[in-house]
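**Q** Data file start_29.csv (CSV, C-alpha atoms) is appended below.
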chain,number,residue,atom,x,y,z
G,1,MET,CA,10.2,-152.8,96.4
G,2,ARG,CA,12.4,-151.8,93.5
G,3,LEU,CA,11.4,-154.8,91.3
G,4,PHE,CA,8.5,-153.1,89.6
G,5,PRO,CA,10.3,-149.8,88.8
G,6,TRP,CA,13.3,-151.7,87.5
G,7,LEU,CA,11.0,-153.8,85.3
G,8,VAL,CA,9.3,-150.7,83.9
G,9,MET,CA,12.7,-149.1,83.2
G,10,LEU,CA,14.1,-152.2,81.6
G,11,CYS,CA,11.1,-152.4,79.2
G,12,ALA,CA,11.3,-148.7,78.3
G,13,ALA,CA,15.1,-148.9,77.7
G,14,PHE,CA,14.7,-152.0,75.5
G,15,ALA,CA,12.1,-150.2,73.3
G,16,ALA,CA,14.2,-147.0,73.3
G,17,GLY,CA,17.3,-148.8,72.3
G,18,ALA,CA,15.5,-150.4,69.4
G,19,ILE,CA,14.0,-147.1,68.3
G,20,ASN,CA,17.4,-145.3,68.6
G,21,SER,CA,19.1,-147.8,66.4
G,22,ILE,CA,16.5,-147.3,63.6
G,23,ALA,CA,15.8,-143.5,63.8
G,24,GLY,CA,16.2,-141.9,67.2
G,25,GLY,CA,13.7,-140.6,69.7
G,26,GLY,CA,14.1,-143.3,72.4
G,27,THR,CA,14.6,-140.6,75.0
G,28,LEU,CA,10.9,-139.9,74.7
G,29,LEU,CA,10.3,-143.3,76.3
G,30,THR,CA,12.9,-143.3,79.0
G,31,PHE,CA,12.8,-139.7,80.0
G,32,PRO,CA,9.0,-139.6,80.9
G,33,VAL,CA,9.3,-143.0,82.7
G,34,LEU,CA,12.0,-141.6,84.9
G,35,ILE,CA,10.0,-138.5,85.6
G,36,TRP,CA,7.0,-140.7,86.4
G,37,LEU,CA,9.2,-142.7,88.8
G,38,GLY,CA,10.0,-139.5,90.7
G,39,LEU,CA,13.3,-138.2,89.4
G,40,ASP,CA,14.1,-134.5,89.0
G,41,PRO,CA,13.8,-133.6,85.3
G,42,ARG,CA,17.5,-132.7,85.0
G,43,VAL,CA,18.6,-135.9,86.7
G,44,ALA,CA,16.1,-137.9,84.6
G,45,ASN,CA,17.7,-136.5,81.5
G,46,GLY,CA,21.3,-137.3,82.6
G,47,THR,CA,20.3,-140.8,83.8
G,48,SER,CA,18.4,-141.4,80.5
G,49,THR,CA,21.5,-140.3,78.4
G,50,VAL,CA,23.8,-142.7,80.4
G,51,ALA,CA,21.3,-145.5,80.1
G,52,LEU,CA,20.8,-145.3,76.4
G,53,TRP,CA,24.5,-144.8,75.6
G,54,PRO,CA,25.3,-148.6,75.5
G,55,GLY,CA,22.4,-149.2,73.2
G,56,LEU,CA,24.1,-147.2,70.5
G,57,PHE,CA,27.0,-149.7,70.5
G,58,GLY,CA,24.5,-152.5,70.0
G,59,GLY,CA,23.0,-150.7,67.0
G,60,LEU,CA,26.5,-149.9,65.6
G,61,PHE,CA,27.4,-153.6,65.8
G,62,GLY,CA,24.3,-154.5,63.9
G,63,TYR,CA,25.3,-152.1,61.0
G,64,ARG,CA,29.0,-152.9,61.1
G,65,LYS,CA,29.1,-154.3,57.5
G,66,GLU,CA,27.4,-151.2,56.1
G,67,LEU,CA,30.2,-149.0,57.5
G,68,GLU,CA,32.9,-150.2,55.3
G,69,ASN,CA,34.7,-147.4,53.3
G,70,SER,CA,33.2,-144.8,55.6
G,71,SER,CA,36.3,-143.8,57.5
G,72,THR,CA,36.4,-140.2,56.1
G,73,ILE,CA,32.8,-139.5,57.0
G,74,LEU,CA,33.2,-141.1,60.5
G,75,PHE,CA,36.3,-139.2,61.4
G,76,ARG,CA,35.2,-135.7,60.2
G,77,LEU,CA,31.7,-135.8,61.5
G,78,GLY,CA,32.8,-137.8,64.6
G,79,VAL,CA,35.1,-135.0,65.7
G,80,THR,CA,32.5,-132.4,65.0
G,81,SER,CA,30.0,-134.5,67.1
G,82,ILE,CA,32.3,-134.7,70.1
G,83,ILE,CA,32.8,-130.9,70.1
G,84,GLY,CA,29.0,-130.2,69.6
G,85,GLY,CA,28.0,-132.8,72.1
G,86,ALA,CA,30.3,-131.3,74.8
G,87,PHE,CA,28.9,-127.8,74.1
G,88,GLY,CA,25.3,-129.0,74.3
G,89,ALA,CA,25.9,-130.9,77.6
G,90,TRP,CA,27.6,-127.8,79.0
G,91,LEU,CA,24.5,-125.7,78.1
G,92,LEU,CA,22.2,-128.2,79.9
G,93,ILE,CA,24.3,-128.0,83.0
G,94,ARG,CA,24.7,-124.2,83.0
G,95,THR,CA,21.6,-122.7,81.5
G,96,PRO,CA,17.7,-123.0,81.9
G,97,SER,CA,16.1,-125.3,79.4
G,98,ARG,CA,12.7,-123.5,78.9
G,99,VAL,CA,13.5,-121.6,75.7
G,100,PHE,CA,15.2,-124.5,74.0
G,101,SER,CA,12.4,-126.9,75.0
G,102,ASN,CA,9.9,-124.7,73.2
G,103,LEU,CA,11.8,-125.2,70.0
G,104,VAL,CA,12.2,-128.9,70.2
G,105,PRO,CA,8.9,-130.1,68.7
G,106,PHE,CA,9.3,-127.8,65.7
G,107,LEU,CA,12.9,-128.9,65.1
G,108,ILE,CA,11.7,-132.5,65.1
G,109,LEU,CA,8.9,-131.8,62.7
G,110,PHE,CA,11.2,-129.9,60.4
G,111,ALA,CA,13.7,-132.8,60.4
G,112,THR,CA,10.9,-135.3,59.7
G,113,LEU,CA,9.6,-133.3,56.8
G,114,LEU,CA,13.2,-133.1,55.4
G,115,PHE,CA,13.5,-136.8,55.7
G,116,MET,CA,10.2,-137.3,53.9
G,117,SER,CA,11.3,-135.1,51.0
G,118,HIS,CA,15.0,-135.7,50.7
G,119,GLY,CA,14.7,-138.1,47.7
G,120,VAL,CA,12.9,-135.4,45.7
G,121,ILE,CA,15.3,-132.7,46.7
G,122,ASN,CA,18.3,-134.9,45.8
G,123,LYS,CA,16.9,-135.5,42.3
G,124,ARG,CA,16.1,-131.8,41.7
G,125,LEU,CA,19.5,-130.7,42.9
G,126,ARG,CA,21.2,-133.7,41.3
G,127,LEU,CA,23.1,-134.4,44.5
G,128,GLY,CA,25.6,-137.3,44.3
G,129,SER,CA,27.3,-139.3,47.0
G,130,LEU,CA,29.0,-137.7,50.0
G,131,ASP,CA,32.1,-139.7,49.3
G,132,ASP,CA,32.5,-137.9,45.9
G,133,LYS,CA,32.8,-134.5,47.7
G,134,PRO,CA,35.7,-134.8,50.1
G,135,MET,CA,36.7,-131.1,50.4
G,136,GLY,CA,35.3,-127.6,50.2
G,137,LEU,CA,31.9,-126.1,50.8
G,138,TRP,CA,30.1,-129.4,50.7
G,139,TRP,CA,32.0,-130.7,53.7
G,140,SER,CA,31.8,-127.4,55.5
G,141,GLY,CA,28.0,-127.4,55.3
G,142,ALA,CA,27.9,-131.0,56.5
G,143,MET,CA,30.1,-130.3,59.5
G,144,ILE,CA,28.3,-127.0,60.5
G,145,PHE,CA,24.9,-128.8,60.4
G,146,GLN,CA,26.3,-131.7,62.4
G,147,PHE,CA,27.7,-129.4,65.0
G,148,PHE,CA,24.3,-127.9,65.7
G,149,SER,CA,22.7,-131.3,65.6
G,150,ALA,CA,25.3,-132.6,68.1
G,151,THR,CA,24.8,-129.5,70.3
G,152,TYR,CA,21.1,-130.4,70.5
G,153,GLY,CA,22.0,-134.1,71.1
G,154,GLY,CA,24.2,-133.2,74.0
G,155,TYR,CA,21.5,-130.9,75.4
G,156,PHE,CA,18.5,-133.2,75.3
G,157,GLY,CA,18.7,-135.4,72.2
G,158,ALA,CA,15.1,-136.7,71.6
G,159,GLY,CA,14.8,-136.9,67.8
G,160,ASN,CA,18.4,-136.1,67.2
G,161,GLY,CA,18.8,-139.3,65.2
G,162,ILE,CA,16.1,-138.0,62.8
G,163,LEU,CA,18.0,-134.8,62.4
G,164,MET,CA,21.2,-136.6,61.5
G,165,LEU,CA,19.3,-139.0,59.0
G,166,ALA,CA,17.7,-136.0,57.4
G,167,ALA,CA,21.0,-134.2,57.0
G,168,MET,CA,22.7,-137.3,55.5
G,169,GLY,CA,19.9,-137.7,53.1
G,170,LEU,CA,20.2,-134.1,51.9
G,171,LEU,CA,23.9,-134.6,51.6
G,172,GLY,CA,23.4,-137.5,49.2
G,173,LEU,CA,23.9,-140.5,51.5
G,174,ASN,CA,21.0,-142.4,50.0
G,175,GLU,CA,21.8,-145.9,51.4
G,176,LEU,CA,19.6,-145.9,54.5
G,177,HIS,CA,21.3,-148.7,56.4
G,178,ARG,CA,24.7,-147.1,55.9
G,179,ALA,CA,23.3,-143.8,57.1
G,180,ASN,CA,21.8,-145.5,60.1
G,181,GLY,CA,25.2,-147.0,61.0
G,182,ILE,CA,26.9,-143.6,60.7
G,183,LYS,CA,24.1,-142.0,62.7
G,184,ASN,CA,24.7,-144.6,65.5
G,185,PHE,CA,28.5,-143.9,65.5
G,186,LEU,CA,27.9,-140.1,65.7
G,187,GLY,CA,25.4,-140.7,68.5
G,188,ILE,CA,28.1,-142.5,70.4
G,189,CYS,CA,30.5,-139.6,69.9
G,190,ILE,CA,27.9,-137.1,71.1
G,191,ASN,CA,26.7,-139.1,74.1
G,192,SER,CA,30.1,-140.2,75.3
G,193,VAL,CA,31.2,-136.7,76.2
G,194,ALA,CA,27.7,-135.9,77.5
G,195,VAL,CA,27.8,-138.9,79.8
G,196,LEU,CA,31.1,-137.8,81.2
G,197,LEU,CA,29.9,-134.2,81.9
G,198,PHE,CA,26.6,-135.3,83.3
G,199,ALA,CA,28.4,-137.7,85.6
G,200,LEU,CA,30.8,-135.0,86.8
G,201,ALA,CA,27.8,-132.7,87.4
G,202,GLY,CA,26.0,-135.3,89.6
G,203,LEU,CA,23.0,-135.6,87.2
G,204,VAL,CA,23.0,-139.5,87.1
G,205,VAL,CA,21.4,-142.1,89.3
G,206,TRP,CA,23.8,-144.9,88.5
G,207,GLU,CA,21.7,-147.8,89.9
G,208,ASP,CA,18.8,-146.9,87.6
G,209,ALA,CA,21.1,-146.1,84.7
G,210,LEU,CA,22.8,-149.5,84.8
G,211,VAL,CA,19.5,-151.4,84.9
G,212,MET,CA,18.3,-149.5,81.8
G,213,ALA,CA,21.6,-149.9,80.0
G,214,VAL,CA,21.1,-153.6,79.9
G,215,GLY,CA,17.7,-153.2,78.1
G,216,ALA,CA,19.1,-150.5,75.8
G,217,LEU,CA,22.0,-152.6,74.7
G,218,ALA,CA,19.7,-155.5,73.8
G,219,GLY,CA,17.2,-153.2,72.2
G,220,GLY,CA,19.8,-151.5,70.1
G,221,TYR,CA,21.0,-154.7,68.5
G,222,PHE,CA,17.4,-156.0,68.1
G,223,GLY,CA,16.4,-152.8,66.3
G,224,ALA,CA,19.3,-152.9,63.9
G,225,SER,CA,18.6,-156.5,63.1
G,226,MET,CA,14.9,-155.8,62.4
G,227,ALA,CA,15.8,-152.8,60.2
G,228,MET,CA,17.9,-155.1,58.0
G,229,ARG,CA,15.1,-157.6,57.7
G,230,VAL,CA,12.1,-155.5,56.9
G,231,GLY,CA,13.7,-153.5,54.1
G,232,GLN,CA,14.4,-149.8,53.5
G,233,LYS,CA,10.8,-148.9,52.4
G,234,TRP,CA,9.3,-149.9,55.6
G,235,VAL,CA,12.1,-148.5,57.7
G,236,ARG,CA,11.6,-145.1,56.0
G,237,ARG,CA,7.9,-145.2,56.7
G,238,GLY,CA,8.6,-146.2,60.3
G,239,ILE,CA,11.1,-143.3,60.7
G,240,VAL,CA,8.5,-140.8,59.4
G,241,VAL,CA,5.8,-142.2,61.8
G,242,ILE,CA,8.3,-142.0,64.7
G,243,GLY,CA,9.1,-138.4,63.9
G,244,LEU,CA,5.5,-137.4,63.7
G,245,ILE,CA,4.6,-139.2,67.0
G,246,ILE,CA,7.6,-137.4,68.7
G,247,PHE,CA,6.4,-134.1,67.4
G,248,VAL,CA,2.8,-134.6,68.6
G,249,VAL,CA,3.9,-135.9,72.0
G,250,MET,CA,6.3,-133.0,72.7
G,251,ALA,CA,3.9,-130.4,71.3
G,252,TRP,CA,1.2,-131.8,73.6
G,253,ARG,CA,3.5,-131.7,76.6
G,254,LEU,CA,4.5,-128.1,75.8
G,255,TYR,CA,1.0,-126.7,75.2
Could you express the structure from this file as structure tokens?
**A**
Amino acid sequence: MRLFPWLVMLCAAFAAGAINSIAGGGTLLTFPVLIWLGLDPRVANGTSTVALWPGLFGGLFGYRKELENSSTILFRLGVTSIIGGAFGAWLLIRTPSRVFSNLVPFLILFATLLFMSHGVINKRLRLGSLDDKPMGLWWSGAMIFQFFSATYGGYFGAGNGILMLAAMGLLGLNELHRANGIKNFLGICINSVAVLLFALAGLVVWEDALVMAVGALAGGYFGASMAMRVGQKWVRRGIVVIGLIIFVVMAWRLY
């Protein structure tokens, strides 16, 4: 009987799609579920990436109005995300994951702490809007950070949305809903190339991925809609809680 496993995967994917549209970290729901259902860890990671990919489109559609006048940000960081995502996916296919997995909980904790403090940092440094700094060192730093974030996203990706939100906060993008929309677009760029490489490498169970994709797509739109309704203060608090939970879960699994 495949009905029960598919029901479990559908529920996990819906919740993961909603979480990804708000902050990121949905992989920590789908990845363990696929492991629990008997998939090899590398295949579970590839299948989870493919399954959650459509959910990013649902989240992007939910934030579509907040992305007006963001073409420069989307293009520059989008191209960077494609390159970094391809490199990260290649690393997963070709190299062992143990060393990088040991760093993941601390990367997520660091990103969460950045997100918690980015308002204070912006005030102290008197950072303005990212749109006001179209050239030079400002953009170089943003693109370098996004390349490494996209590399991590292509490699595994749990908590990558929090890394991107933290980076955009430090860069002066203080409108959270706009930052969430940009984050979803960059996630699509990262995961599109990762999906292609994982598929070519045979790391995807397509039957399971398609079932989960339905839940992720619905969850992505639902999460974006809820984020718009509850207000930025509660979304920020939710993102911090999600980040800390991800850190605890991954540190517990590691040690």
**Q** Restrict the calculation to only C-alpha atoms, then for each residue of range 21-92 of chain G with any atom at most 9 Å from an atom of range 173-191 of chain G give the closest atom pair and their distance in Å to one decimal, rows by chain and rising residue number, as a Markdown table.
**A**
| residue | atom | partner | partner_atom | distance |
| --- | --- | --- | --- | --- |
| G:Ser21 | CA | G:Asn184 | CA | 6.5 |
| G:Ile22 | CA | G:Asn180 | CA | 6.6 |
| G:Ala23 | CA | G:Asn180 | CA | 7.3 |
| G:Thr49 | CA | G:Asn191 | CA | 6.9 |
| G:Val50 | CA | G:Asn191 | CA | 7.8 |
| G:Leu52 | CA | G:Asn191 | CA | 8.9 |
| G:Trp53 | CA | G:Asn191 | CA | 6.3 |
| G:Pro54 | CA | G:Ile188 | CA | 8.4 |
| G:Leu56 | CA | G:Asn184 | CA | 5.7 |
| G:Phe57 | CA | G:Ile188 | CA | 7.3 |
| G:Gly59 | CA | G:Asn184 | CA | 6.5 |
| G:Leu60 | CA | G:Gly181 | CA | 5.6 |
| G:Phe61 | CA | G:Gly181 | CA | 8.5 |
| G:Gly62 | CA | G:Gly181 | CA | 8.1 |
| G:Tyr63 | CA | G:Gly181 | CA | 5.1 |
| G:Arg64 | CA | G:Gly181 | CA | 7.0 |
| G:Lys65 | CA | G:Arg178 | CA | 8.6 |
| G:Glu66 | CA | G:Arg178 | CA | 4.9 |
| G:Leu67 | CA | G:Arg178 | CA | 6.0 |
| G:Glu68 | CA | G:Arg178 | CA | 8.8 |
| G:Ser70 | CA | G:Ile182 | CA | 8.2 |
| G:Ile73 | CA | G:Ile182 | CA | 8.1 |
| G:Leu74 | CA | G:Ile182 | CA | 6.8 |
| G:Leu77 | CA | G:Leu186 | CA | 7.1 |
| G:Gly78 | CA | G:Leu186 | CA | 5.5 |
| G:Val79 | CA | G:Cys189 | CA | 7.7 |
| G:Thr80 | CA | G:Cys189 | CA | 8.9 |
| G:Ser81 | CA | G:Ile190 | CA | 5.2 |
| G:Ile82 | CA | G:Ile190 | CA | 5.1 |
| G:Ile83 | CA | G:Ile190 | CA | 8.0 |
| G:Gly84 | CA | G:Ile190 | CA | 7.1 |
| G:Gly85 | CA | G:Ile190 | CA | 4.4 |
| G:Ala86 | CA | G:Ile190 | CA | 7.3 |
| G:Ala89 | CA | G:Asn191 | CA | 9.0 |
**Q** Have a look at G:Gly161, G:Pro96, G:Gly223, G:Gly55 and name the one nearest to Ser149 in chain G; count only C-alpha atoms.
**A**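 Closest to Ser149 in chain G of all the choices is G:Gly161.
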**Q** From the set G:Ala251, G:Met116, G:Met9, G:Leu244, which residue has the shortest atom-to-atom contact distance to Gly215 in chain G, counting all atoms listed in the file?
**A**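 Using all atoms listed in the file, Gly215 in chain G sits closest to G:Met9.
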**Q** Might you pull out every residue within 8 Å of Phe156 in chain G, with all atoms listed in the file counted and same-chain residues fewer than 2 positions away left off, and present them as a PyMOL selection string?
**A** chain G and resi 45+92+152-154+158
**Q** Find, counting only C-alpha atoms, the residue in G:Ala209, G:Ile162, G:Val99, G:Val214 that gets nearest to Gly243 in chain G.
**A**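 With only C-alpha atoms as the atom set, the closest residue is G:Ile162.
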**Q** Quick one, how far is CA of Ala216 in chain G from CA of Leu39 in chain G?
**A**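 Calculated distance between CA of Ala216 in chain G and CA of Leu39 in chain G is 19.2 Å.
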**Q** In Å, rounded to a single decimal, give me how far CA of Thr47 in chain G is from CA of Asn20 in chain G.
**A**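 Between these atoms lies a distance of 16.1 Å.
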**Q** Quick check, in Å to one decimal: how far apart do CA of Glu207 in chain G and CA of Tyr221 in chain G lie?
**A**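 It comes out at 22.5 Å.
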**Q** With distances taken over only C-alpha atoms, which of G:Val204, G:Met164, G:Ile144, G:Val240 is nearest to Ala44 in chain G?
**A**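 That would be G:Val204, the residue with the smallest distance to Ala44 in chain G.
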**Q** Residues near Val249 in chain G, anyone? I mean within 12 Å using only C-alpha atoms, not counting same-chain ones fewer than 6 positions away, as an MDAnalysis selection string.
**A** chainID G and resid 25 28:29 32 104:106 108:109 158:159 242:243 255
**Q** Selection from above, C-alpha atoms, as a PDB file, keeping the file's coordinate frame, can you write it?
**A**
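Writing done, so here's result15.pdb:
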ATOM      1  CA  GLY G  25      13.700-140.600  69.700  1.00  0.00           C
ATOM      2  CA  LEU G  28      10.900-139.900  74.700  1.00  0.00           C
ATOM      3  CA  LEU G  29      10.300-143.300  76.300  1.00  0.00           C
ATOM      4  CA  PRO G  32       9.000-139.600  80.900  1.00  0.00           C
ATOM      5  CA  VAL G 104      12.200-128.900  70.200  1.00  0.00           C
ATOM      6  CA  PRO G 105       8.900-130.100  68.700  1.00  0.00           C
ATOM      7  CA  PHE G 106       9.300-127.800  65.700  1.00  0.00           C
ATOM      8  CA  ILE G 108      11.700-132.500  65.100  1.00  0.00           C
ATOM      9  CA  LEU G 109       8.900-131.800  62.700  1.00  0.00           C
ATOM     10  CA  ALA G 158      15.100-136.700  71.600  1.00  0.00           C
ATOM     11  CA  GLY G 159      14.800-136.900  67.800  1.00  0.00           C
ATOM     12  CA  ILE G 242       8.300-142.000  64.700  1.00  0.00           C
ATOM     13  CA  GLY G 243       9.100-138.400  63.900  1.00  0.00           C
ATOM     14  CA  TYR G 255       1.000-126.700  75.200  1.00  0.00           C
TER      15      TYR G 255
END
**Q** Rank nothing, just name the residue among G:Val33, G:Ala218, G:Ala142, G:Leu200 nearest to Gly172 in chain G, using all atoms listed in the file.
**A**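 Distance minimum relative to Gly172 in chain G lands on G:Ala142.
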**Q** Using only C-alpha atoms, which of the listed residues (G:Cys11, G:Leu103, G:Val205, G:Leu91) sits closest to Val43 in chain G?
**A**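 Closest residue, counting only C-alpha atoms: G:Val205.
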